[in-house]
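Working notes, beginning with the structure itself.
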Amino acid sequence: MRGWGKLPGSDVFPSVVRACTHLKELRVGESVHGCVIRFGMESDLYTGNALMNMYAKLQVSSHDYHVFDEIPQSDRVYSRRSSLAQDSDIGILRNELIRSEKSHFEPLSGRRVKNAKGLDSVSKIFQMMPDKDVVSWNTVIGGNVQSGLYEEALERLREMSNAYLKPDCFTLSSVLPVFARHVDVLKGKEIHGYAIRHGFDKDEFIGSSLIDMYATCTRVEDSYRVFNLLSEKDDVSWNSIIAGCVQNGTFDEGLGLFRQMLAANVKPVEVSFSAILPACAHLTTLHLGKQLHAYIIRVGFAQNMYIASSLVDMYAKCGKIMTARWIFDKMEIHDSVSWTAIIMGYALNGHAREATILFENMQHDKIKPNAVAYLAILTACSHAGLVDEGWNYFTSMSRYGVSPDLEHYTSIADLLGRAGRLMEAYKFINDMPIKPTGSIWATLLSACRVHKNVELAEKVAKEMTTADPGNMGPYLLLSNMYSAAGRWNDASKLRTNMKKKGMRKPPACSWIEVRNQVHAFVSGDISHPCYDQIHVALRDLYERLKQEGYVPQISEALHDVDEEQKSDLLYTHSERLAIAFGIISTPAGTTIRIIKNLRVCIDCHTAIKFISKILGRDIIVRDNSRFHLFKDGNCSCGDYW
């Protein structure tokens, strides 16, 4: 066109700039920008919008995939959706990846300066435009949000209102992550109210953003209400509500919604699997995880880095660490998420040395360890009793610009407690710069239980009840310690005190899934239809255990009765009933998977180790303390939990 001597008009430049954007040709786009200036078209509204969109995507977003390795799931959801909002001038809406890894990754601060420089081009064009429409404002607001400049985004929103322009659905979906980031559900509700008043609340795009916002603010019930009010539900809205449930720990609901999505003939996409696999990992539903893995392979998603990392996590938490390692080794590229998943997998399965080797390999691979990677390696050291190594890792965090948070301090307290250095752990907690919470005191209280230090346990329990008055955990643990020590009067007084405070110990309950049906058992349960068979299996197991040298630890029967009755009480704990049912209901050699709502007692832990050896079965128990993999007479927790 230029060669024929024809000058481009204002209708040409927007199309050319959009072409540069889609082809990711920033340098060509900058040359076109130069032509725009030379021909005096820089004040044209549509050309300005196209240029801002180009710079927002190609300068600000050029680091997206690296940034997403370091930010939490909710930020990733919103940031990607903010970039989608920038496509509004050409009507392009497409599904983008939501990252599923929880939760503990550092936000955008490490990249903000670089992205802010990219925003300079967008801001300069925006300021030069004499006329600005909604698309112009949406582009600059979305760019600010995507770069983590939340306050600037809110300021732009206020300026937009002052310019007498009404926000549209893209504006709202851009600013909602700001309130999620600050966990400001009240302002998020104001946006929700605005959406309702202007008829945007039924919009799928706005609905999905509201679902994300409420879920990030831990208001998953509100997320579900928004979801149910959507007149049409696309894959984005389905994936948003599934991810929201999983993020907030309602894993069964997440799995149920995933099944509903399939029943509604909504085809799963990449994000669907990275959202639902953590639920399989937490519930240790290996059979479902395998089905999802097979589907992932069939549809060609196996090389998706985020899905592969979720598969590594799922298999590791289901006790299949070698399968997890096989998937990890097949990945073409490893990021901080995949490295952290495999390191944590080895840590949870009791392979601390392999975890430390992988941690060093990650650094050789030029991947800087982040907060979660450090948590994984500290967990590995803690479970293996590697005190010196764990302390060295803890003190090296500052070298990579990682500030320890409560979970890192808790890991060190756990490390010292496991090693029996209880007073050192007590001093460490009191001296740390973060105010101790109930959770870190609970870690030390557990150590006191293991090492039978009742005197220190009383001090720690007092600290714990001060930090978390409504938590019955310290009362239960201390009461159990009194009972184990034969201090029945003290145990009775403590339980009476609990009743006065309105605290009731929940009944111990264990669950096992057999042939897609979940069976629940409580201690002493005789209500199950197969109870007679379960009772026979338990008696047979008990005789075989005694032949192998098992001796009941009757101190764990926390009732003031004779020794024979204590032995019978231990014999019918809920996890043993569930295991016995698993034995009679599944073929020999099948892995048995149990979930328990309370901590496994010491005697049951010992008995299950014997059972795994006698029967040659792997037994996985996830209690409220940690993950246990019993194999060949040993447990992955190293007998400390």
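Every chain in the structure tokens takes a letter, A first, then B, and so on in the order presented; its residues are numbered from 1, and the ligands are numbered from 1 following the presented order.
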Point to revise | Shell of 12 Å around A:Asp365, only C-alpha atoms, local chain residues under 4 positions omitted, as a list in words | key: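 Non-adjacent residues within range: Ile333, His334, Asp335, Ser336, Trp339, Leu358, Phe359, Glu360, Asn361 and Pro369 of chain A.
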Check your understanding: So which residues of stretch 529-635 of chain A fall under strand (DSSP E) by DSSP, listed as a VMD selection string?
Key -> chain A and resid 592 to 596 619 to 622 627 to 631 634 to 635
Next, write the just-selected residues to a file, as an mmCIF file, in the first residue's frame, keeping C-alpha atoms as the atom set.
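To be explicit, this is the file written out as part-v2.cif:
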data_model
loop_
_atom_site.group_PDB
_atom_site.id
_atom_site.type_symbol
_atom_site.label_atom_id
_atom_site.label_comp_id
_atom_site.auth_asym_id
_atom_site.auth_seq_id
_atom_site.Cartn_x
_atom_site.Cartn_y
_atom_site.Cartn_z
ATOM 1 C CA ILE A 592 -6.355 -50.189 51.300
ATOM 2 C CA ARG A 593 -7.067 -46.461 51.655
ATOM 3 C CA ILE A 594 -8.597 -45.015 54.807
ATOM 4 C CA ILE A 595 -9.505 -41.469 55.845
ATOM 5 C CA LYS A 596 -9.909 -40.724 59.570
ATOM 6 C CA ILE A 619 -2.286 -49.373 53.638
ATOM 7 C CA ILE A 620 -2.752 -45.619 53.328
ATOM 8 C CA VAL A 621 -4.301 -43.699 56.211
ATOM 9 C CA ARG A 622 -4.884 -39.957 56.087
ATOM 10 C CA PHE A 627 -0.482 -38.849 55.530
ATOM 11 C CA HIS A 628 0.628 -42.393 56.505
ATOM 12 C CA LEU A 629 1.796 -45.019 54.016
ATOM 13 C CA PHE A 630 2.189 -48.394 55.710
ATOM 14 C CA LYS A 631 4.314 -50.791 53.683
ATOM 15 C CA ASN A 634 7.004 -49.594 58.199
ATOM 16 C CA CYS A 635 5.254 -46.224 57.990
#
Review point. Atom CA of A:Val28 and atom CA of A:Gly48 are how many Å apart?
Key: 16.2 Å
Review point. So, counting only C-alpha atoms, which residue among A:Val178, A:Ala279, A:Val236, A:Ile357 is closest to A:Leu154?
Key: A:Val178
Check your understanding: Skipping near chain neighbours, those fewer than 4 positions away, what residues fall within 8 Å of A:Leu545 using only C-alpha atoms, listed as a ChimeraX atom specification?
Key -> /A:541,549-550,607,610-611,614
**Study point:** Between atom CA of A:Ile196 and atom CA of A:Ser173, distance in Å (one decimal)
**Key:** 13.6 Å
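Put simply, atom CA of A:Lys132 is 15.6 Å away from atom CA of A:Phe170.
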Could you make a table, as a Markdown table, of the residues of stretch 501-613 of chain A that have an atom within 10 Å of an atom of stretch 452-474 of chain A, each with its nearest atom pair and distance in Å to one decimal, counting only C-alpha atoms, in chain and number order?
| residue | atom | partner | partner_atom | distance |
| --- | --- | --- | --- | --- |
| A:Lys501 | CA | A:Gly470 | CA | 9.0 |
| A:Gly502 | CA | A:Gly470 | CA | 9.8 |
| A:Met503 | CA | A:Met472 | CA | 6.7 |
| A:Arg504 | CA | A:Met472 | CA | 8.1 |
| A:Lys505 | CA | A:Met472 | CA | 7.7 |
Contacts of A:Ile343 within 10 Å, only C-alpha atoms, excl. fewer than 3 positions in-chain, as a short mmCIF file (atom, residue, chain, number, x, y, z; two decimals) with C-alpha atoms, in the first residue's frame:
data_model
loop_
_atom_site.label_atom_id
_atom_site.label_comp_id
_atom_site.auth_asym_id
_atom_site.auth_seq_id
_atom_site.Cartn_x
_atom_site.Cartn_y
_atom_site.Cartn_z
CA ASP A 313 1.06 -34.49 43.31
CA ALA A 316 2.55 -39.08 45.35
CA ARG A 325 8.53 -39.79 39.54
CA VAL A 337 5.52 -26.09 40.72
CA SER A 338 6.57 -29.46 39.30
CA TRP A 339 9.82 -29.49 41.29
CA THR A 340 7.94 -28.68 44.49
CA TYR A 346 9.13 -37.81 48.39
CA ALA A 347 8.91 -35.99 51.74
CA LEU A 348 5.39 -37.28 52.46
CA HIS A 351 12.13 -40.52 51.35
CA ALA A 352 13.96 -37.53 52.79
CA GLU A 354 15.76 -38.32 47.67
CA ALA A 355 13.91 -35.09 48.46
CA THR A 356 17.15 -33.30 49.39
CA ILE A 357 18.84 -34.53 46.20
CA LEU A 358 15.92 -33.23 44.12
CA PHE A 359 16.06 -29.89 45.93
CA MET A 362 16.22 -27.97 41.14
CA ALA A 373 9.79 -25.46 47.81
CA TYR A 374 11.37 -24.58 51.14
CA LEU A 375 8.32 -25.86 52.97
CA ALA A 376 8.64 -29.15 51.09
CA ILE A 377 12.32 -29.64 51.92
CA THR A 379 8.97 -31.18 55.74
CA ALA A 380 11.32 -33.84 54.38
#
Practice item. Identify, on the basis of only C-alpha atoms, every residue whose closest approach to stretch 285-287 of chain A does not exceed 10 Å; exclude the query and any residue fewer than 6 positions from it along the same chain; express the result as a PyMOL selection string. Key: chain A and resi 277+279+293+314-315+317-320+512-513+515-516+591+593
Selection above as a file: C-alpha atoms, as a PDB file, in the first residue's frame:
ATOM      1  CA  LEU A 277      -6.826 -33.614  40.532  1.00  0.00           C
ATOM      2  CA  ALA A 279      -9.323 -33.334  45.199  1.00  0.00           C
ATOM      3  CA  HIS A 293      -5.076 -39.693  33.824  1.00  0.00           C
ATOM      4  CA  MET A 314      -1.922 -36.845  43.056  1.00  0.00           C
ATOM      5  CA  TYR A 315       0.093 -40.038  42.609  1.00  0.00           C
ATOM      6  CA  LYS A 317      -0.247 -38.412  47.856  1.00  0.00           C
ATOM      7  CA  CYS A 318      -1.886 -41.712  46.908  1.00  0.00           C
ATOM      8  CA  GLY A 319       1.350 -43.489  47.829  1.00  0.00           C
ATOM      9  CA  LYS A 320       2.485 -44.130  44.241  1.00  0.00           C
ATOM     10  CA  ILE A 512     -13.130 -46.455  53.120  1.00  0.00           C
ATOM     11  CA  GLU A 513     -14.330 -46.499  49.514  1.00  0.00           C
ATOM     12  CA  ARG A 515     -16.444 -50.265  44.446  1.00  0.00           C
ATOM     13  CA  ASN A 516     -17.380 -46.567  44.283  1.00  0.00           C
ATOM     14  CA  THR A 591      -3.993 -51.184  48.485  1.00  0.00           C
ATOM     15  CA  ARG A 593      -7.067 -46.461  51.655  1.00  0.00           C
TER      16      ARG A 593
END
I'd like the neighbourhood of A:Ser274 as a PDB file with C-alpha atoms, in the first residue's frame, where a residue qualifies if any of its atoms comes within 6 Å (using only C-alpha atoms), though same-chain residues fewer than 2 positions away should be ignored.
ATOM      1  CA  SER A 100      -4.600 -25.411  40.742  1.00  0.00           C
ATOM      2  CA  VAL A 271      -8.071 -26.334  33.559  1.00  0.00           C
ATOM      3  CA  SER A 272     -10.708 -28.902  34.531  1.00  0.00           C
ATOM      4  CA  ILE A 276     -10.023 -31.574  40.133  1.00  0.00           C
ATOM      5  CA  LEU A 277      -6.826 -33.614  40.532  1.00  0.00           C
ATOM      6  CA  ILE A 307      -1.683 -30.957  34.564  1.00  0.00           C
ATOM      7  CA  SER A 310      -1.049 -32.067  39.414  1.00  0.00           C
TER       8      SER A 310
END
